[in-house]
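work_2.pdb follows; it contains PDB, C-alpha atoms.
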```
ATOM      1  CA  MET A 212       0.000   0.000   0.000  1.00  0.00           C
ATOM      2  CA  LYS A 213       1.326   3.443  -0.877  1.00  0.00           C
ATOM      3  CA  ALA A 214       1.204   6.234   1.654  1.00  0.00           C
ATOM      4  CA  ARG A 215       2.493   9.735   2.040  1.00  0.00           C
ATOM      5  CA  VAL A 216       3.504  11.658   5.163  1.00  0.00           C
ATOM      6  CA  THR A 217       3.798  15.415   4.681  1.00  0.00           C
ATOM      7  CA  VAL A 218       5.682  17.381   7.338  1.00  0.00           C
ATOM      8  CA  THR A 219       5.393  21.172   7.398  1.00  0.00           C
ATOM      9  CA  LEU A 220       6.472  23.854   9.848  1.00  0.00           C
ATOM     10  CA  LYS A 221       3.709  25.151  12.107  1.00  0.00           C
ATOM     11  CA  PRO A 222       2.344  28.479  10.855  1.00  0.00           C
ATOM     12  CA  SER A 223       3.772  30.374  13.832  1.00  0.00           C
ATOM     13  CA  ILE A 224       7.343  29.132  13.168  1.00  0.00           C
ATOM     14  CA  LEU A 225       9.590  31.303  10.996  1.00  0.00           C
ATOM     15  CA  ASP A 226      10.908  29.634   7.825  1.00  0.00           C
ATOM     16  CA  PRO A 227      14.202  31.272   6.768  1.00  0.00           C
ATOM     17  CA  GLN A 228      14.725  28.640   4.048  1.00  0.00           C
ATOM     18  CA  GLY A 229      11.394  29.555   2.479  1.00  0.00           C
ATOM     19  CA  LYS A 230      12.288  33.252   2.711  1.00  0.00           C
ATOM     20  CA  ALA A 231      15.583  32.571   0.914  1.00  0.00           C
ATOM     21  CA  ILE A 232      13.752  30.709  -1.869  1.00  0.00           C
ATOM     22  CA  GLU A 233      11.316  33.620  -2.154  1.00  0.00           C
ATOM     23  CA  GLY A 234      14.233  36.031  -2.581  1.00  0.00           C
ATOM     24  CA  ALA A 235      15.989  33.758  -5.078  1.00  0.00           C
ATOM     25  CA  LEU A 236      12.852  33.468  -7.204  1.00  0.00           C
ATOM     26  CA  LYS A 237      12.556  37.250  -7.271  1.00  0.00           C
ATOM     27  CA  SER A 238      16.189  37.596  -8.409  1.00  0.00           C
ATOM     28  CA  LEU A 239      15.606  34.941 -11.087  1.00  0.00           C
ATOM     29  CA  GLY A 240      12.729  37.002 -12.449  1.00  0.00           C
ATOM     30  CA  VAL A 241       9.932  34.590 -11.503  1.00  0.00           C
ATOM     31  CA  GLY A 242       7.099  36.969 -10.655  1.00  0.00           C
ATOM     32  CA  GLY A 243       3.825  36.699  -8.751  1.00  0.00           C
ATOM     33  CA  ILE A 244       5.125  34.657  -5.794  1.00  0.00           C
ATOM     34  CA  ALA A 245       3.881  36.084  -2.493  1.00  0.00           C
ATOM     35  CA  SER A 246       5.409  33.591  -0.070  1.00  0.00           C
ATOM     36  CA  VAL A 247       7.133  30.208   0.081  1.00  0.00           C
ATOM     37  CA  ARG A 248       7.339  27.692   2.922  1.00  0.00           C
ATOM     38  CA  GLN A 249       9.320  24.507   2.621  1.00  0.00           C
ATOM     39  CA  GLY A 250       8.373  21.132   4.015  1.00  0.00           C
ATOM     40  CA  LYS A 251       9.258  17.463   3.655  1.00  0.00           C
ATOM     41  CA  ILE A 252       7.382  14.618   2.077  1.00  0.00           C
ATOM     42  CA  PHE A 253       7.930  10.916   2.721  1.00  0.00           C
ATOM     43  CA  GLU A 254       6.636   8.433   0.170  1.00  0.00           C
ATOM     44  CA  ILE A 255       6.211   5.210   2.075  1.00  0.00           C
ATOM     45  CA  GLU A 256       5.380   1.709   0.895  1.00  0.00           C
ATOM     46  CA  VAL A 257       3.502  -0.112   3.667  1.00  0.00           C
ATOM     47  CA  GLU A 258       3.300  -3.903   3.915  1.00  0.00           C
ATOM     48  CA  GLY A 259      -0.111  -5.619   4.077  1.00  0.00           C
ATOM     49  CA  GLY A 260      -3.554  -4.314   3.167  1.00  0.00           C
ATOM     50  CA  ASP A 261      -4.964  -3.140   6.510  1.00  0.00           C
ATOM     51  CA  LYS A 262      -5.536   0.633   6.218  1.00  0.00           C
ATOM     52  CA  ALA A 263      -6.173   1.256   9.921  1.00  0.00           C
ATOM     53  CA  LYS A 264      -3.037  -0.647  10.902  1.00  0.00           C
ATOM     54  CA  ALA A 265      -0.997   1.213   8.271  1.00  0.00           C
ATOM     55  CA  GLU A 266      -2.261   4.571   9.503  1.00  0.00           C
ATOM     56  CA  ALA A 267      -1.368   3.694  13.091  1.00  0.00           C
ATOM     57  CA  ALA A 268       2.160   2.655  12.036  1.00  0.00           C
ATOM     58  CA  LEU A 269       2.644   5.834   9.999  1.00  0.00           C
ATOM     59  CA  LYS A 270       1.454   8.076  12.840  1.00  0.00           C
ATOM     60  CA  GLN A 271       3.884   6.302  15.157  1.00  0.00           C
ATOM     61  CA  ALA A 272       6.673   6.794  12.573  1.00  0.00           C
ATOM     62  CA  ALA A 273       5.870  10.495  12.235  1.00  0.00           C
ATOM     63  CA  ASP A 274       5.713  11.053  16.000  1.00  0.00           C
ATOM     64  CA  LYS A 275       8.914   9.129  16.721  1.00  0.00           C
ATOM     65  CA  LEU A 276      11.114  10.099  13.779  1.00  0.00           C
ATOM     66  CA  LEU A 277       9.761  11.962  10.774  1.00  0.00           C
ATOM     67  CA  ALA A 278       8.425  15.109  12.424  1.00  0.00           C
ATOM     68  CA  ASN A 279       9.522  17.294  15.303  1.00  0.00           C
ATOM     69  CA  THR A 280       6.070  17.873  16.755  1.00  0.00           C
ATOM     70  CA  VAL A 281       7.220  20.870  18.777  1.00  0.00           C
ATOM     71  CA  ILE A 282       7.638  22.948  15.608  1.00  0.00           C
ATOM     72  CA  GLU A 283       6.121  20.812  12.842  1.00  0.00           C
ATOM     73  CA  ASN A 284       2.727  19.475  11.814  1.00  0.00           C
ATOM     74  CA  TYR A 285       2.304  16.284   9.858  1.00  0.00           C
ATOM     75  CA  ARG A 286      -0.392  14.798   7.657  1.00  0.00           C
ATOM     76  CA  VAL A 287      -0.773  11.114   6.775  1.00  0.00           C
ATOM     77  CA  GLU A 288      -2.417  10.146   3.475  1.00  0.00           C
ATOM     78  CA  ILE A 289      -3.002   6.558   2.390  1.00  0.00           C
ATOM     79  CA  GLU A 290      -3.834   5.804  -1.241  1.00  0.00           C
TER      80      GLU A 290
ATOM     81  CA  MET B 217      -4.011  31.547  -4.401  1.00  0.00           C
ATOM     82  CA  LYS B 218      -2.427  28.593  -2.610  1.00  0.00           C
ATOM     83  CA  ALA B 219      -0.261  26.164  -4.529  1.00  0.00           C
ATOM     84  CA  ARG B 220       2.005  23.255  -3.793  1.00  0.00           C
ATOM     85  CA  VAL B 221       5.085  22.053  -5.648  1.00  0.00           C
ATOM     86  CA  THR B 222       6.203  18.524  -4.757  1.00  0.00           C
ATOM     87  CA  VAL B 223       9.716  17.483  -5.726  1.00  0.00           C
ATOM     88  CA  THR B 224      10.670  13.790  -5.593  1.00  0.00           C
ATOM     89  CA  LEU B 225      13.681  11.808  -6.764  1.00  0.00           C
ATOM     90  CA  LYS B 226      13.165   9.944 -10.051  1.00  0.00           C
ATOM     91  CA  PRO B 227      12.425   6.248  -9.436  1.00  0.00           C
ATOM     92  CA  SER B 228      15.755   5.179 -10.952  1.00  0.00           C
ATOM     93  CA  ILE B 229      17.771   7.367  -8.538  1.00  0.00           C
ATOM     94  CA  LEU B 230      18.982   5.778  -5.302  1.00  0.00           C
ATOM     95  CA  ASP B 231      17.758   7.461  -2.109  1.00  0.00           C
ATOM     96  CA  PRO B 232      20.229   6.795   0.736  1.00  0.00           C
ATOM     97  CA  GLN B 233      18.342   9.205   3.036  1.00  0.00           C
ATOM     98  CA  GLY B 234      15.157   7.170   2.574  1.00  0.00           C
ATOM     99  CA  LYS B 235      17.099   3.955   3.234  1.00  0.00           C
ATOM    100  CA  ALA B 236      18.469   5.441   6.476  1.00  0.00           C
ATOM    101  CA  ILE B 237      14.951   6.395   7.609  1.00  0.00           C
ATOM    102  CA  GLU B 238      13.779   2.861   6.791  1.00  0.00           C
ATOM    103  CA  GLY B 239      16.551   1.435   8.978  1.00  0.00           C
ATOM    104  CA  ALA B 240      15.846   3.897  11.796  1.00  0.00           C
ATOM    105  CA  LEU B 241      12.139   3.009  11.801  1.00  0.00           C
ATOM    106  CA  LYS B 242      13.033  -0.661  12.050  1.00  0.00           C
ATOM    107  CA  SER B 243      15.339   0.000  15.044  1.00  0.00           C
ATOM    108  CA  LEU B 244      12.598   2.093  16.681  1.00  0.00           C
ATOM    109  CA  GLY B 245      10.219  -0.857  16.404  1.00  0.00           C
ATOM    110  CA  VAL B 246       7.846   0.673  13.863  1.00  0.00           C
ATOM    111  CA  GLY B 247       6.813  -2.363  11.817  1.00  0.00           C
ATOM    112  CA  GLY B 248       5.247  -2.911   8.414  1.00  0.00           C
ATOM    113  CA  ILE B 249       7.269  -0.321   6.491  1.00  0.00           C
ATOM    114  CA  ALA B 250       8.558  -1.749   3.195  1.00  0.00           C
ATOM    115  CA  SER B 251      10.318   1.319   1.792  1.00  0.00           C
ATOM    116  CA  VAL B 252      10.717   5.064   2.298  1.00  0.00           C
ATOM    117  CA  ARG B 253      11.687   7.765  -0.194  1.00  0.00           C
ATOM    118  CA  GLN B 254      12.089  11.371   0.859  1.00  0.00           C
ATOM    119  CA  GLY B 255      11.098  14.411  -1.155  1.00  0.00           C
ATOM    120  CA  LYS B 256      10.490  18.128  -0.702  1.00  0.00           C
ATOM    121  CA  ILE B 257       7.315  20.114  -0.676  1.00  0.00           C
ATOM    122  CA  PHE B 258       6.979  23.852  -1.271  1.00  0.00           C
ATOM    123  CA  GLU B 259       3.809  25.573  -0.098  1.00  0.00           C
ATOM    124  CA  ILE B 260       3.555  28.686  -2.208  1.00  0.00           C
ATOM    125  CA  GLU B 261       1.187  31.641  -2.019  1.00  0.00           C
ATOM    126  CA  VAL B 262       0.718  33.055  -5.525  1.00  0.00           C
ATOM    127  CA  GLU B 263      -0.470  36.609  -6.185  1.00  0.00           C
ATOM    128  CA  GLY B 264      -3.526  37.213  -8.371  1.00  0.00           C
ATOM    129  CA  GLY B 265      -6.325  34.835  -9.363  1.00  0.00           C
ATOM    130  CA  ASP B 266      -5.248  33.634 -12.812  1.00  0.00           C
ATOM    131  CA  LYS B 267      -4.699  29.862 -12.536  1.00  0.00           C
ATOM    132  CA  ALA B 268      -2.962  29.426 -15.899  1.00  0.00           C
ATOM    133  CA  LYS B 269      -0.563  32.274 -15.175  1.00  0.00           C
ATOM    134  CA  ALA B 270       0.143  30.892 -11.694  1.00  0.00           C
ATOM    135  CA  GLU B 271       0.844  27.436 -13.090  1.00  0.00           C
ATOM    136  CA  ALA B 272       3.256  28.862 -15.663  1.00  0.00           C
ATOM    137  CA  ALA B 273       5.103  30.826 -12.954  1.00  0.00           C
ATOM    138  CA  LEU B 274       5.315  27.765 -10.699  1.00  0.00           C
ATOM    139  CA  LYS B 275       6.643  25.535 -13.490  1.00  0.00           C
ATOM    140  CA  GLN B 276       9.260  28.165 -14.232  1.00  0.00           C
ATOM    141  CA  ALA B 277      10.164  28.316 -10.520  1.00  0.00           C
ATOM    142  CA  ALA B 278      10.478  24.520 -10.329  1.00  0.00           C
ATOM    143  CA  ASP B 279      12.598  24.299 -13.478  1.00  0.00           C
ATOM    144  CA  LYS B 280      14.895  27.144 -12.493  1.00  0.00           C
ATOM    145  CA  LEU B 281      15.290  26.628  -8.762  1.00  0.00           C
ATOM    146  CA  LEU B 282      13.137  24.175  -6.839  1.00  0.00           C
ATOM    147  CA  ALA B 283      13.965  20.941  -8.645  1.00  0.00           C
ATOM    148  CA  ASN B 284      17.070  19.465 -10.225  1.00  0.00           C
ATOM    149  CA  THR B 285      15.343  18.009 -13.289  1.00  0.00           C
ATOM    150  CA  VAL B 286      18.270  15.703 -14.038  1.00  0.00           C
ATOM    151  CA  ILE B 287      17.480  13.551 -11.004  1.00  0.00           C
ATOM    152  CA  GLU B 288      14.134  14.868  -9.736  1.00  0.00           C
ATOM    153  CA  ASN B 289      10.525  15.024 -10.882  1.00  0.00           C
ATOM    154  CA  TYR B 290       8.137  17.735  -9.785  1.00  0.00           C
ATOM    155  CA  ARG B 291       4.378  18.113  -9.593  1.00  0.00           C
ATOM    156  CA  VAL B 292       2.497  21.418  -9.410  1.00  0.00           C
ATOM    157  CA  GLU B 293      -0.909  21.518  -7.681  1.00  0.00           C
ATOM    158  CA  ILE B 294      -3.045  24.642  -7.407  1.00  0.00           C
ATOM    159  CA  GLU B 295      -5.934  24.750  -4.932  1.00  0.00           C
TER     160      GLU B 295
END
```
I need this file expressed as structure tokens, please.
Amino acid sequence: MKARVTVTLKPSILDPQGKAIEGALKSLGVGGIASVRQGKIFEIEVEGGDKAKAEAALKQAADKLLANTVIENYRVEIE
Amino acid sequence: MKARVTVTLKPSILDPQGKAIEGALKSLGVGGIASVRQGKIFEIEVEGGDKAKAEAALKQAADKLLANTVIENYRVEIE
């Protein structure tokens, strides 16, 4: 089963990397970009066909390793 | 307008970072994970309401800066 965990900074946390990308896009002449925030995405192949079990495992993975829940939010999607 | 650019390694490119995460999840006792591949996600706020124009700007941004198209694929989604 394919799944995706998306990890993004919480809205209240500053994102200097995103700000740098914003500035770089402006210097490259790409117009119309108001703001950029960068996050991470994990494309995960889960064994077995039990959706509920897969979701539980992925949430555990995100809490333990993939996201720093003090400053980041995560979202689990299963296809 | 909110948009999202997702950048992932091409399937033929090895992902040592993903492999390391896979190993770490195993050591942490998170079971049922067959494989992990890591990518990047950019949450972008685009000025104006013209979808076609926004998509063109985002593709330009991805080609010029956000993705290395030799080894990475990207996907543009506009909400």
Rounded to one decimal in Å, what is the spacing between CA of Thr280 (chain A) and CA of Ile224 (chain A)?
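Going from CA of Thr280 (chain A) over to CA of Ile224 (chain A), I get 11.9 Å.
Of note, CA of Gln228 (chain A) and CA of Ala219 (chain B) are spaced 17.4 Å apart.
Using only C-alpha atoms, the shortest contact distance between chain B and any of A:Asp226, A:Glu288, A:Asp274, A:Glu256 is found at A:Glu256.
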In Å to one decimal, how far is CA of Arg253 (chain B) from CA of Leu277 (chain A)?
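About the pair CA of Leu277 (chain A) and CA of Arg253 (chain B): they are 11.9 Å apart.
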Under the rule of at most 10 Å, produce a per-residue listing of chain A near chain B: chain, number, name, the closest pair of atoms, and the distance in Å, as a Markdown table, using only C-alpha atoms.
```
| residue | atom | partner | partner_atom | distance |
| --- | --- | --- | --- | --- |
| A:Met212 | CA | B:Ala250 | CA | 9.3 |
| A:Lys213 | CA | B:Ser251 | CA | 9.6 |
| A:Ala214 | CA | B:Val252 | CA | 9.6 |
| A:Arg215 | CA | B:Val252 | CA | 9.5 |
| A:Val216 | CA | B:Gln254 | CA | 9.6 |
| A:Thr217 | CA | B:Ile257 | CA | 7.9 |
| A:Val218 | CA | B:Ile257 | CA | 8.6 |
| A:Thr219 | CA | B:Ile257 | CA | 8.4 |
| A:Gly229 | CA | B:Phe258 | CA | 8.1 |
| A:Ile232 | CA | B:Leu281 | CA | 8.2 |
| A:Glu233 | CA | B:Ile260 | CA | 9.2 |
| A:Ala235 | CA | B:Leu281 | CA | 8.1 |
| A:Leu236 | CA | B:Ala277 | CA | 6.7 |
| A:Lys237 | CA | B:Ala277 | CA | 9.8 |
| A:Leu239 | CA | B:Lys280 | CA | 8.0 |
| A:Gly240 | CA | B:Ala277 | CA | 9.3 |
| A:Val241 | CA | B:Ala273 | CA | 6.3 |
| A:Gly242 | CA | B:Ala273 | CA | 6.9 |
| A:Gly243 | CA | B:Glu263 | CA | 5.0 |
| A:Ile244 | CA | B:Val262 | CA | 4.7 |
| A:Ala245 | CA | B:Glu261 | CA | 5.2 |
| A:Ser246 | CA | B:Glu261 | CA | 5.0 |
| A:Val247 | CA | B:Ile260 | CA | 4.5 |
| A:Arg248 | CA | B:Glu259 | CA | 5.1 |
| A:Gln249 | CA | B:Phe258 | CA | 4.6 |
| A:Gly250 | CA | B:Ile257 | CA | 4.9 |
| A:Lys251 | CA | B:Lys256 | CA | 4.6 |
| A:Ile252 | CA | B:Gly255 | CA | 4.9 |
| A:Phe253 | CA | B:Gln254 | CA | 4.6 |
| A:Glu254 | CA | B:Arg253 | CA | 5.1 |
| A:Ile255 | CA | B:Val252 | CA | 4.5 |
| A:Glu256 | CA | B:Ser251 | CA | 5.0 |
| A:Val257 | CA | B:Ile249 | CA | 4.7 |
| A:Glu258 | CA | B:Gly248 | CA | 5.0 |
| A:Gly259 | CA | B:Gly248 | CA | 7.4 |
| A:Lys264 | CA | B:Gly248 | CA | 8.9 |
| A:Ala265 | CA | B:Gly248 | CA | 7.5 |
| A:Ala267 | CA | B:Val246 | CA | 9.7 |
| A:Ala268 | CA | B:Val246 | CA | 6.3 |
| A:Leu269 | CA | B:Val246 | CA | 8.3 |
| A:Lys270 | CA | B:Val246 | CA | 9.8 |
| A:Gln271 | CA | B:Val246 | CA | 7.0 |
| A:Ala272 | CA | B:Val246 | CA | 6.4 |
| A:Ala273 | CA | B:Leu241 | CA | 9.8 |
| A:Lys275 | CA | B:Leu244 | CA | 7.9 |
| A:Leu276 | CA | B:Leu241 | CA | 7.4 |
| A:Leu277 | CA | B:Ile237 | CA | 8.2 |
```
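Put simply, the PyMOL selection byres ((chain A and resi 220) around 6) in this file takes in Thr219, Lys221, Ile282 and Glu283 of chain A.
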Counting all atoms listed in the file, the option among B:Gly239, B:Glu271, B:Asn289, B:Ala283 closest to Pro227 (chain B)
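Ranked by minimum distance to Pro227 (chain B), first place goes to B:Asn289.
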Box in all listed atoms of region 232-248 of chain B, axis-aligned, with 6 Å more on each side; write out centre and edge lengths in Å to one decimal as lines of an AutoDock Vina configuration file.
```
center_x = 12.7
center_y = 3.1
center_z = 8.7
size_x = 27.0
size_y = 24.1
size_z = 27.9
```
